[in-house]
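Below is run24.txt, which holds compact mmCIF, C-alpha atoms.
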# COMPACT_ATOMS: atom_id res chain seq x y z
CA MET X 252 44.64 42.12 25.14
CA GLN X 253 41.62 42.11 22.83
CA THR X 254 40.02 45.32 21.75
CA PRO X 255 36.29 45.76 22.46
CA ILE X 256 35.57 45.76 18.71
CA ILE X 257 37.16 42.37 18.11
CA ARG X 258 35.44 40.99 21.21
CA SER X 259 31.99 42.10 20.08
CA MET X 260 32.65 40.83 16.56
CA MET X 261 33.51 37.44 18.01
CA VAL X 262 30.36 37.41 20.10
CA ILE X 263 28.24 38.33 17.10
CA SER X 264 29.73 35.69 14.81
CA LEU X 265 29.53 33.04 17.54
CA SER X 266 25.86 33.72 18.13
CA PHE X 267 25.27 33.66 14.38
CA ILE X 268 26.92 30.24 14.11
CA LEU X 269 24.92 28.95 17.08
CA PHE X 270 21.69 30.33 15.64
CA SER X 271 22.14 28.79 12.20
CA ALA X 272 23.21 25.46 13.75
CA SER X 273 20.06 25.31 15.84
CA ALA X 274 17.95 26.24 12.82
CA LEU X 275 19.52 23.34 10.93
CA ALA X 276 18.97 20.96 13.81
CA GLU X 277 15.34 21.96 14.07
CA LYS X 278 14.55 21.33 10.42
CA PRO X 279 13.13 17.82 10.44
CA PHE X 280 13.66 17.01 6.76
CA GLY X 281 15.17 18.17 3.48
CA THR X 282 18.56 19.04 4.98
CA PRO X 283 21.89 18.12 3.36
CA ALA X 284 22.30 15.37 5.98
CA THR X 285 18.92 13.77 5.23
CA VAL X 286 19.49 14.12 1.48
CA ASN X 287 22.86 12.38 1.79
CA TYR X 288 21.27 9.64 3.85
CA SER X 289 18.55 9.17 1.26
CA GLN X 290 21.25 8.65 -1.37
CA ALA X 291 22.99 5.98 0.73
CA LEU X 292 19.61 4.32 1.25
CA TRP X 293 18.87 4.43 -2.49
CA SER X 294 22.10 2.68 -3.39
CA VAL X 295 21.38 -0.11 -0.89
CA LEU X 296 17.86 -0.47 -2.31
CA GLN X 297 19.40 -0.79 -5.77
CA SER X 298 21.83 -3.50 -4.75
CA GLU X 299 19.00 -5.32 -2.94
CA LYS X 300 16.98 -5.17 -6.18
CA MET X 301 14.16 -3.27 -4.50
CA VAL X 302 14.38 -0.30 -6.89
CA GLY X 303 15.72 0.29 -10.38
CA PRO X 304 15.08 -1.35 -13.73
CA ASN X 305 16.11 -4.84 -12.54
CA SER X 306 14.18 -4.78 -9.31
CA ILE X 307 12.14 -7.70 -8.03
CA ARG X 308 8.53 -7.35 -9.11
CA SER X 309 5.43 -8.18 -7.11
CA VAL X 310 1.81 -8.29 -8.17
CA PRO X 311 0.48 -4.71 -8.40
CA TYR X 312 -2.62 -3.94 -6.39
CA THR X 313 -5.23 -1.21 -6.46
CA GLY X 314 -4.16 1.78 -4.38
CA GLN X 315 -5.49 5.15 -3.41
CA ALA X 316 -4.49 8.78 -2.96
CA PRO X 317 -2.02 10.15 -2.03
CA HIS X 318 0.13 7.23 -3.19
CA GLY X 319 -1.36 6.11 -6.48
CA LYS X 320 -4.06 4.18 -8.27
CA VAL X 321 -1.78 1.16 -8.59
CA LEU X 322 0.91 0.17 -6.11
CA GLN X 323 3.62 -2.40 -5.52
CA THR X 324 5.04 -2.76 -2.04
CA THR X 325 7.95 -4.86 -0.81
CA TYR X 326 9.46 -5.36 2.65
CA GLN X 327 12.89 -6.47 3.76
CA LYS X 328 15.65 -5.94 6.30
CA ILE X 329 18.55 -3.93 4.94
CA THR X 330 21.74 -2.34 6.27
CA VAL X 331 22.52 1.33 5.61
CA ASN X 332 25.72 2.91 6.95
CA GLY X 333 26.11 0.05 9.43
CA HIS X 334 22.56 0.17 10.79
CA THR X 335 20.15 -2.70 10.04
CA GLY X 336 16.43 -2.06 10.00
CA GLN X 337 13.14 -2.85 8.32
CA VAL X 338 12.48 -1.11 5.02
CA ILE X 339 9.22 -0.72 3.14
CA VAL X 340 9.39 0.27 -0.52
CA LYS X 341 6.24 1.39 -2.27
CA LYS X 342 6.19 1.97 -6.02
CA ASN X 343 3.53 4.58 -6.77
CA TYR X 344 1.96 4.32 -10.23
CA GLY X 345 -0.33 6.88 -11.80
CA GLY X 346 -1.56 7.93 -15.24
CA LYS X 347 -4.71 8.72 -17.11
CA ASP X 348 -5.40 5.30 -18.61
CA ILE X 349 -3.83 3.25 -15.82
CA THR X 350 -4.82 -0.36 -15.07
CA ARG X 351 -2.97 -3.02 -13.12
CA SER X 352 -2.11 -5.03 -16.21
CA ARG X 353 -0.81 -1.95 -18.01
CA VAL X 354 1.50 -1.38 -15.07
CA VAL X 355 2.71 -5.00 -15.28
CA ASN X 356 3.43 -4.68 -18.97
CA ASN X 357 4.87 -1.15 -18.94
CA PRO X 358 5.84 -0.12 -15.41
CA LYS X 359 8.15 2.66 -16.55
CA LYS X 360 5.33 4.55 -18.20
CA TYR X 361 3.31 4.81 -14.99
CA LEU X 362 5.93 4.93 -12.22
CA LYS X 363 5.69 8.37 -10.61
CA ALA X 364 7.34 7.95 -7.23
CA ILE X 365 8.97 5.45 -4.92
CA THR X 366 8.06 6.12 -1.31
CA VAL X 367 10.18 4.51 1.36
CA MET X 368 10.06 4.06 5.12
CA PHE X 369 13.26 2.89 6.78
CA LYS X 370 13.44 2.09 10.50
CA ARG X 371 16.41 4.12 11.79
CA GLU X 372 18.38 3.63 14.99
CA ALA X 373 16.49 4.16 18.26
CA GLY X 374 16.35 7.86 19.11
CA TYR X 375 16.22 9.12 15.52
CA ASP X 376 12.60 10.20 15.93
CA PRO X 377 11.27 8.55 19.08
CA ALA X 378 7.97 10.42 18.90
CA ASN X 379 7.27 8.71 15.56
CA LYS X 380 8.78 5.22 15.87
CA ASP X 381 12.13 6.28 14.39
CA TRP X 382 11.04 6.09 10.77
CA PHE X 383 13.04 7.80 8.01
CA TRP X 384 10.70 8.81 5.17
CA VAL X 385 11.59 9.46 1.54
CA LYS X 386 9.78 10.22 -1.67
CA TYR X 387 12.07 9.41 -4.60
CA LYS X 388 11.62 10.01 -8.29
CA PRO X 389 12.19 6.91 -10.45
CA ASP X 390 15.83 7.95 -11.00
CA GLY X 391 16.57 8.17 -7.26
CA SER X 392 16.46 11.95 -6.97
CA LEU X 393 13.99 13.47 -4.52
CA HIS X 394 10.51 14.86 -4.87
CA LYS X 395 9.80 18.20 -3.15
CA ASN X 396 6.81 19.57 -1.30
CA PRO X 397 5.05 22.71 -2.63
CA LYS X 398 7.47 24.87 -0.62
CA GLY X 399 10.45 23.33 -2.40
CA MET X 400 11.65 21.25 0.55
CA LEU X 401 13.21 17.93 -0.46
CA LEU X 402 11.22 14.99 0.87
CA ALA X 403 13.72 12.98 2.91
CA GLY X 404 13.98 12.71 6.67
CA ARG X 405 11.31 13.14 9.34
CA VAL X 406 8.68 14.12 6.76
CA ALA X 407 6.85 16.27 7.72
CA LYS X 408 7.30 16.35 11.48
CA GLY X 409 5.22 19.03 13.17
CA MET X 410 3.09 19.73 10.12
CA PRO X 411 -0.58 18.84 9.70
CA GLN X 412 0.06 17.10 6.36
CA GLY X 413 2.66 14.68 5.04
CA CYS X 414 3.90 11.15 5.71
CA ILE X 415 3.92 11.27 9.51
CA ALA X 416 0.60 13.07 9.94
CA CYS X 417 -1.23 10.52 7.80
CA HIS X 418 0.61 7.34 8.80
CA ARG X 419 0.08 8.14 12.46
CA GLY X 420 -3.50 7.00 11.84
CA ALA X 421 -2.47 3.38 11.09
CA SER X 422 -4.36 1.22 13.54
CA GLY X 423 -1.44 -0.95 14.64
CA GLY X 424 0.44 2.03 16.12
CA ASP X 425 3.48 1.28 13.95
CA TYR X 426 2.70 3.79 11.18
CA LEU X 427 2.16 0.86 8.77
CA PHE X 428 -1.25 0.46 7.21
CA ASN X 429 -0.73 -2.90 5.53
CA ASN X 430 0.43 -4.74 8.62
CA SER X 431 -2.72 -4.08 10.54
CA ALA X 432 -5.76 -6.31 10.55
CA SER X 433 -8.24 -3.52 10.02
CA GLN X 434 -6.76 -2.47 6.69
CA LEU X 435 -6.09 -5.79 4.99
CA ASP X 436 -9.20 -7.66 6.04
CA ARG X 437 -11.72 -5.08 4.94
CA MET V 83 29.81 -85.89 -27.96
CA LYS V 84 26.26 -85.28 -29.11
CA LYS V 85 25.18 -84.82 -25.51
CA LEU V 86 27.92 -82.31 -24.89
CA THR V 87 27.02 -80.28 -27.98
CA THR V 88 23.38 -80.21 -26.95
CA LEU V 89 24.33 -79.10 -23.46
CA LEU V 90 26.56 -76.39 -24.86
CA LEU V 91 23.85 -75.24 -27.21
CA ILE V 92 21.33 -75.09 -24.41
CA SER V 93 23.61 -73.17 -22.08
CA LEU V 94 24.57 -70.79 -24.89
CA THR V 95 20.91 -70.16 -25.64
CA VAL V 96 20.18 -69.53 -21.97
CA LEU V 97 23.15 -67.18 -21.75
CA VAL V 98 22.20 -65.26 -24.87
CA SER V 99 18.56 -64.96 -23.92
CA ALA V 100 19.51 -63.87 -20.40
CA CYS V 101 21.78 -61.22 -21.84
CA SER V 102 19.22 -59.98 -24.28
CA ASN V 103 16.61 -59.96 -21.52
CA ASN V 104 18.91 -57.87 -19.42
CA MET V 105 19.51 -55.49 -22.25
CA SER V 106 15.88 -55.09 -23.12
CA SER V 107 14.83 -54.42 -19.50
CA ASP V 108 17.68 -51.87 -19.31
CA SER V 109 16.51 -50.00 -22.35
CA VAL V 110 12.92 -50.09 -21.11
CA ALA V 111 14.10 -48.47 -17.87
CA LYS V 112 16.01 -45.88 -19.84
CA LYS V 113 13.02 -45.17 -22.03
CA SER V 114 10.70 -44.71 -19.06
CA MET V 115 13.26 -42.39 -17.45
CA MET V 116 13.41 -40.35 -20.62
CA ALA V 117 9.66 -40.27 -20.93
CA MET V 118 9.04 -39.34 -17.29
CA PRO V 119 8.56 -35.58 -17.51
CA PHE V 120 9.07 -34.76 -13.81
CA GLY V 121 10.13 -36.11 -10.44
CA THR V 122 13.34 -37.76 -11.69
CA SER V 123 16.65 -37.38 -9.88
CA MET V 124 17.73 -34.90 -12.55
CA ASP V 125 14.66 -32.79 -11.83
CA THR V 126 15.10 -32.89 -8.07
CA ASP V 127 18.81 -32.03 -8.34
CA TYR V 128 17.91 -29.05 -10.48
CA ALA V 129 15.15 -28.07 -8.06
CA GLN V 130 17.73 -27.98 -5.25
CA GLN V 131 20.02 -25.70 -7.23
CA LEU V 132 17.07 -23.48 -8.03
CA TRP V 133 16.06 -23.33 -4.35
CA GLN V 134 19.61 -22.32 -3.40
CA ALA V 135 19.59 -19.55 -6.02
CA LEU V 136 16.20 -18.33 -4.74
CA ASN V 137 17.59 -18.18 -1.20
CA ASN V 138 20.65 -16.25 -2.35
CA ALA V 139 18.39 -13.79 -4.19
CA LYS V 140 16.24 -13.43 -1.05
CA LEU V 141 13.22 -14.74 -2.94
CA ALA V 142 12.81 -17.72 -0.60
CA GLY V 143 13.87 -18.85 2.85
CA ASN V 144 14.48 -16.91 6.03
CA GLY V 145 14.88 -13.18 5.51
CA ALA V 146 13.23 -13.31 2.10
CA ILE V 147 11.61 -10.20 0.62
CA GLU V 148 7.91 -9.76 1.43
CA THR V 149 5.00 -7.98 -0.21
CA VAL V 150 1.38 -7.18 0.56
CA PRO V 151 -0.43 -10.54 0.61
CA TYR V 152 -3.41 -10.74 -1.75
CA LYS V 153 -6.43 -12.95 -2.03
CA GLY V 154 -5.83 -16.14 -3.96
CA GLN V 155 -7.79 -19.17 -5.01
CA PRO V 156 -7.45 -22.96 -5.37
CA PRO V 157 -5.27 -24.77 -6.09
CA HIS V 158 -2.69 -22.27 -4.80
CA GLY V 159 -4.17 -20.84 -1.63
CA ALA V 160 -6.56 -18.42 0.02
CA VAL V 161 -3.76 -15.86 0.41
CA LEU V 162 -0.73 -15.44 -1.85
CA GLU V 163 2.45 -13.45 -2.36
CA THR V 164 4.07 -13.48 -5.80
CA PHE V 165 7.42 -12.12 -7.01
CA SER V 166 9.30 -12.20 -10.25
CA SER V 167 12.91 -11.52 -11.07
CA LYS V 168 15.79 -12.66 -13.24
CA LEU V 169 17.75 -15.55 -11.82
CA SER V 170 20.81 -17.58 -12.79
CA VAL V 171 20.84 -21.33 -12.16
CA ALA V 172 23.71 -23.57 -13.26
CA GLY V 173 24.94 -20.95 -15.70
CA HIS V 174 21.55 -20.29 -17.29
CA SER V 175 19.75 -16.99 -16.71
CA GLY V 176 15.97 -16.77 -16.98
CA VAL V 177 12.92 -15.15 -15.49
CA VAL V 178 11.56 -16.73 -12.32
CA TYR V 179 8.13 -16.49 -10.72
CA VAL V 180 7.84 -17.33 -7.03
CA LYS V 181 4.45 -17.76 -5.42
CA ARG V 182 4.07 -18.26 -1.67
CA ASN V 183 0.90 -20.28 -1.04
CA TYR V 184 -0.77 -19.60 2.31
CA ARG V 185 -3.59 -21.70 3.72
CA GLY V 186 -5.19 -22.43 7.06
CA LYS V 187 -8.55 -22.67 8.72
CA ASP V 188 -8.69 -19.16 10.20
CA ILE V 189 -6.63 -17.46 7.49
CA THR V 190 -6.93 -13.74 6.71
CA ARG V 191 -4.51 -11.47 4.86
CA SER V 192 -3.48 -9.64 8.00
CA ARG V 193 -2.87 -12.88 9.88
CA VAL V 194 -0.54 -13.90 7.09
CA ALA V 195 1.19 -10.51 7.19
CA ASN V 196 1.75 -10.90 10.91
CA ASN V 197 2.62 -14.62 10.99
CA ARG V 198 3.69 -15.88 7.59
CA GLY V 199 5.34 -19.02 8.96
CA LYS V 200 2.10 -20.30 10.43
CA TYR V 201 0.24 -20.29 7.11
CA LEU V 202 2.93 -20.96 4.50
CA LYS V 203 2.16 -24.34 2.94
CA ALA V 204 4.03 -24.27 -0.34
CA VAL V 205 6.30 -22.19 -2.53
CA THR V 206 5.43 -22.78 -6.18
CA VAL V 207 7.97 -21.70 -8.75
CA MET V 208 8.15 -21.30 -12.52
CA PHE V 209 11.62 -20.86 -13.95
CA LYS V 210 12.23 -20.24 -17.65
CA ARG V 211 14.75 -22.87 -18.71
CA GLU V 212 17.02 -22.91 -21.74
CA LYS V 213 15.41 -23.21 -25.18
CA GLY V 214 14.36 -26.74 -26.00
CA TYR V 215 13.74 -27.82 -22.41
CA ASP V 216 10.01 -28.11 -23.07
CA PRO V 217 9.26 -26.26 -26.31
CA GLU V 218 5.56 -27.16 -26.37
CA ASN V 219 5.13 -25.48 -23.01
CA LYS V 220 7.34 -22.40 -23.28
CA ASP V 221 10.30 -24.10 -21.60
CA TRP V 222 9.07 -23.64 -18.04
CA PHE V 223 10.50 -25.67 -15.17
CA TRP V 224 7.86 -26.13 -12.45
CA ALA V 225 8.43 -26.90 -8.79
CA LYS V 226 6.29 -27.12 -5.69
CA TYR V 227 8.47 -26.72 -2.61
CA LYS V 228 7.67 -27.12 1.05
CA PRO V 229 8.73 -24.13 3.19
CA ASP V 230 12.04 -25.90 4.00
CA GLY V 231 12.94 -26.35 0.32
CA SER V 232 12.11 -30.04 0.05
CA LEU V 233 9.56 -31.03 -2.58
CA HIS V 234 5.87 -31.76 -2.38
CA SER V 235 4.72 -34.91 -4.17
CA ASN V 236 1.53 -35.71 -6.04
CA PRO V 237 -0.95 -38.38 -4.79
CA LYS V 238 1.08 -41.05 -6.66
CA GLY V 239 4.21 -40.07 -4.73
CA MET V 240 5.95 -38.36 -7.64
CA LEU V 241 8.07 -35.40 -6.58
CA LEU V 242 6.79 -32.15 -8.06
CA ALA V 243 9.74 -30.74 -10.00
CA GLY V 244 10.31 -30.63 -13.73
CA ARG V 245 7.77 -30.58 -16.55
CA VAL V 246 4.82 -30.92 -14.12
CA ALA V 247 2.69 -32.68 -15.18
CA LYS V 248 3.34 -32.96 -18.90
CA GLY V 249 0.88 -35.20 -20.70
CA MET V 250 -1.53 -35.36 -17.78
CA ASN V 251 -4.89 -33.68 -17.61
CA MET V 252 -4.21 -32.09 -14.22
CA GLY V 253 -1.27 -30.21 -12.76
CA CYS V 254 0.72 -27.04 -13.41
CA ILE V 255 0.97 -27.24 -17.20
CA SER V 256 -2.60 -28.27 -17.98
CA CYS V 257 -4.02 -25.41 -15.88
CA HIS V 258 -1.50 -22.68 -16.77
CA ARG V 259 -1.86 -23.47 -20.45
CA ALA V 260 -5.18 -21.61 -20.25
CA ALA V 261 -3.57 -18.27 -19.29
CA PRO V 262 -4.85 -15.87 -21.93
CA GLY V 263 -1.48 -14.33 -22.80
CA GLY V 264 -0.14 -17.64 -24.12
CA ASP V 265 2.83 -17.43 -21.76
CA TYR V 266 1.41 -19.67 -19.00
CA LEU V 267 1.32 -16.64 -16.66
CA PHE V 268 -2.00 -15.49 -15.26
CA ASN V 269 -0.86 -12.29 -13.57
CA ASN V 270 0.80 -10.79 -16.60
CA THR V 271 -2.34 -10.66 -18.64
CA ALA V 272 -4.89 -7.93 -18.82
CA ALA V 273 -7.81 -10.33 -18.54
CA GLN V 274 -6.83 -11.56 -15.12
CA LEU V 275 -5.69 -8.40 -13.37
CA ASP V 276 -8.29 -5.97 -14.64
CA HIS V 277 -11.39 -7.95 -13.66
When written as structure tokens, how does the structure in this file appear?
Amino acid sequence: MQTPIIRSMMVISLSFILFSASALAEKPFGTPATVNYSQALWSVLQSEKMVGPNSIRSVPYTGQAPHGKVLQTTYQKITVNGHTGQVIVKKNYGGKDITRSRVVNNPKKYLKAITVMFKREAGYDPANKDWFWVKYKPDGSLHKNPKGMLLAGRVAKGMPQGCIACHRGASGGDYLFNNSASQLDR
Amino acid sequence: MKKLTTLLLISLTVLVSACSNNMSSDSVAKKSMMAMPFGTSMDTDYAQQLWQALNNAKLAGNGAIETVPYKGQPPHGAVLETFSSKLSVAGHSGVVYVKRNYRGKDITRSRVANNRGKYLKAVTVMFKREKGYDPENKDWFWAKYKPDGSLHSNPKGMLLAGRVAKGMNMGCISCHRAAPGGDYLFNNTAAQLDH
């Protein structure tokens, strides 16, 4: 029934669809799906008062690159799209004249990024403990890497730099530096 | 007749003096209640409402928010976690500071991070009450809770909630009065954090 031309056109478009789908599936972060998820996560963090102008404040401590000279970090269990997991929210402060007390008295001036790790459902990224990584701007939009990729998802799986590559070095094996003895008791 | 009058007079005098005695001991009790700046039933009731609000806001109790524990000092503890937020209690909204006080023989920051329950000894709270609550001391309500929300008491057995310990030379107020910002808060001031 079908002419050879139609048949070959169908084959070509099918393989194109398959190819672009696999390319999407391979991209570990910065996809529309991970960006959407980061937005759902942000709105939960807002209602839990972990981000935003009315968020719960903790005592800022001295940090280091790449996060910031002054940091605030909070932990909690939260539920995003029906999945409950541990979340770690780090407020990253920077600025020329920064001190801890200046951050306390004027956090907005120094807040550069909010970096988040959220423990996703088992199987999300089994090679890396199923963490979802995000680097938000203070308004909840996303920071990008130098290549323009939005920083949400398995950041940056397979690359020699980025969240996963560095956090893999945490001594407890859980990608968390502050939960491990070696870091806090130095 | 004379006898009866005398008897009546005596009994009347006894009655009146008994009454006035009663009244004066009553007003003394009232006065001492009024003067007692903390640990009264009003203070402990309020402390319970505050504890409930802190639980609802996930600032205390099971499932509460956590942060990176930092090194503390007496009288609070060797390791501390401190949070602040706005909170509503009995219709009044004010800023609240919540400090988790960790202590123990073998304590380290990482041991606290990995087993908070083992080292948590007290949750000390400052809540900014309505204007006029304690104008000389910035209207702070002070409480020292045990991990279960009941109250610690001082060596005299007074429960630690209220204006603790107004008029005494030790306790929350007398120490926090020295905070350089004048707001009774040590961690909000440049002098403390930037050392």
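One finds atom CA of Ala243 of chain V at 15.0 Å from atom CA of Asp230 of chain V.
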Counting only C-alpha atoms, which residues of chain X come no farther than 12 Å from chain V, as a short mmCIF file (atom, residue, chain, number, x, y, z; two decimals) with C-alpha atoms, in the frame of the given file?
data_model
loop_
_atom_site.label_atom_id
_atom_site.label_comp_id
_atom_site.auth_asym_id
_atom_site.auth_seq_id
_atom_site.Cartn_x
_atom_site.Cartn_y
_atom_site.Cartn_z
CA LEU X 296 17.86 -0.47 -2.31
CA SER X 298 21.83 -3.50 -4.75
CA GLU X 299 19.00 -5.32 -2.94
CA LYS X 300 16.98 -5.17 -6.18
CA MET X 301 14.16 -3.27 -4.50
CA PRO X 304 15.08 -1.35 -13.73
CA ASN X 305 16.11 -4.84 -12.54
CA SER X 306 14.18 -4.78 -9.31
CA ILE X 307 12.14 -7.70 -8.03
CA ARG X 308 8.53 -7.35 -9.11
CA SER X 309 5.43 -8.18 -7.11
CA VAL X 310 1.81 -8.29 -8.17
CA PRO X 311 0.48 -4.71 -8.40
CA TYR X 312 -2.62 -3.94 -6.39
CA THR X 313 -5.23 -1.21 -6.46
CA GLY X 314 -4.16 1.78 -4.38
CA VAL X 321 -1.78 1.16 -8.59
CA LEU X 322 0.91 0.17 -6.11
CA GLN X 323 3.62 -2.40 -5.52
CA THR X 324 5.04 -2.76 -2.04
CA THR X 325 7.95 -4.86 -0.81
CA TYR X 326 9.46 -5.36 2.65
CA GLN X 327 12.89 -6.47 3.76
CA LYS X 328 15.65 -5.94 6.30
CA ILE X 329 18.55 -3.93 4.94
CA GLN X 337 13.14 -2.85 8.32
CA VAL X 338 12.48 -1.11 5.02
CA ILE X 339 9.22 -0.72 3.14
CA VAL X 340 9.39 0.27 -0.52
CA LYS X 341 6.24 1.39 -2.27
CA LYS X 342 6.19 1.97 -6.02
CA ILE X 349 -3.83 3.25 -15.82
CA THR X 350 -4.82 -0.36 -15.07
CA ARG X 351 -2.97 -3.02 -13.12
CA SER X 352 -2.11 -5.03 -16.21
CA ARG X 353 -0.81 -1.95 -18.01
CA VAL X 354 1.50 -1.38 -15.07
CA VAL X 355 2.71 -5.00 -15.28
CA ASN X 356 3.43 -4.68 -18.97
CA ASN X 357 4.87 -1.15 -18.94
CA PRO X 358 5.84 -0.12 -15.41
CA GLY X 423 -1.44 -0.95 14.64
CA LEU X 427 2.16 0.86 8.77
CA PHE X 428 -1.25 0.46 7.21
CA ASN X 429 -0.73 -2.90 5.53
CA ASN X 430 0.43 -4.74 8.62
CA SER X 431 -2.72 -4.08 10.54
CA ALA X 432 -5.76 -6.31 10.55
CA SER X 433 -8.24 -3.52 10.02
CA GLN X 434 -6.76 -2.47 6.69
CA LEU X 435 -6.09 -5.79 4.99
CA ASP X 436 -9.20 -7.66 6.04
CA ARG X 437 -11.72 -5.08 4.94
#
Practice task
Find the residues near Tyr184 of chain V: any atom within 6 Å, counting only C-alpha atoms, skip ones fewer than 6 places away on the same chain, and give them as a list in words.
Solution key: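 Result of the neighbour search: Gly159, Val161, Leu162, Tyr201, Leu202 and Lys203 of chain V.
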Exercise for the section: Figure out the distance between atom CA of Leu292 of chain X and atom CA of Lys388 of chain X, please, to one decimal in Å. Expected result: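 Between atom CA of Lys388 of chain X and atom CA of Leu292 of chain X the gap works out to 13.7 Å.
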Completion exercise
Computed gap from atom CA of Phe120 of chain V to atom CA of Arg245 of chain V is 5.2 Å
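Residues in contact range of Gly231 of chain V, defined as at most 8 Å between all atoms listed in the file, with sequence neighbours fewer than 5 positions away removed, read Gln130, Trp133 and Gly143 of chain V.
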Problem - Minimum-distance residue to Ala129 of chain V, chosen among V:Ala225, V:His174, V:Gly186, V:Pro237 (using only C-alpha atoms) - result: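 Of all the options, V:Ala225 lies closest to Ala129 of chain V.
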Problem - V:Lys238, V:Gly154, V:Gln131, V:Asn144 ranked by distance to Arg198 of chain V, top pick (using all atoms listed in the file) - result: V:Asn144
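The residue that comes closest to Asn183 of chain V, out of V:Trp222, V:Phe209, V:Tyr215, V:Tyr227 and on the basis of all atoms listed in the file, is V:Tyr227.
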Handout entry: Residue among V:Ser170, V:Asn197, V:Asp125, V:Met118 lying closest to Leu233 of chain V, counting all atoms listed in the file
Key =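 Of V:Ser170, V:Asn197, V:Asp125, V:Met118, the one nearest Leu233 of chain V is V:Asp125, counting all atoms listed in the file.
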Problem - Nearby residues (only C-alpha atoms) at most 8 Å from Gly336 of chain X, same-chain spacing under 3 positions excluded, as a ChimeraX atom specification - result: /X:328-330,369-372
Edge lengths and centre in Å to one decimal, as AutoDock Vina command-line options, is what I'm after for the box along x, y and z that holds all listed atoms of segment 300-305 of chain X once 4 Å is added on each side.
--center_x 15.6 --center_y -2.4 --center_z -9.1 --size_x 10.8 --size_y 13.5 --size_z 17.2
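Closest approach to Pro157 of chain V from the set V:Cys254, V:Ala261, V:Ala247, V:Ala142 is made by V:Cys254, with distances taken over all atoms listed in the file.
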Problem - Distance criterion (only C-alpha atoms): nearest to Met208 of chain V out of V:Pro119, V:Leu267, V:Asn236, V:Pro262 - result: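 Once distances to Met208 of chain V are computed over only C-alpha atoms, the minimum belongs to V:Leu267.
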Exercise for the section: For the point (19.7, -25.1, -11.1) in the file's frame, write as a VMD selection string all residues with an atom no more than 6 Å away, counting all atoms listed in the file. Expected result: chain V and resid 128 131 to 132 171 to 172
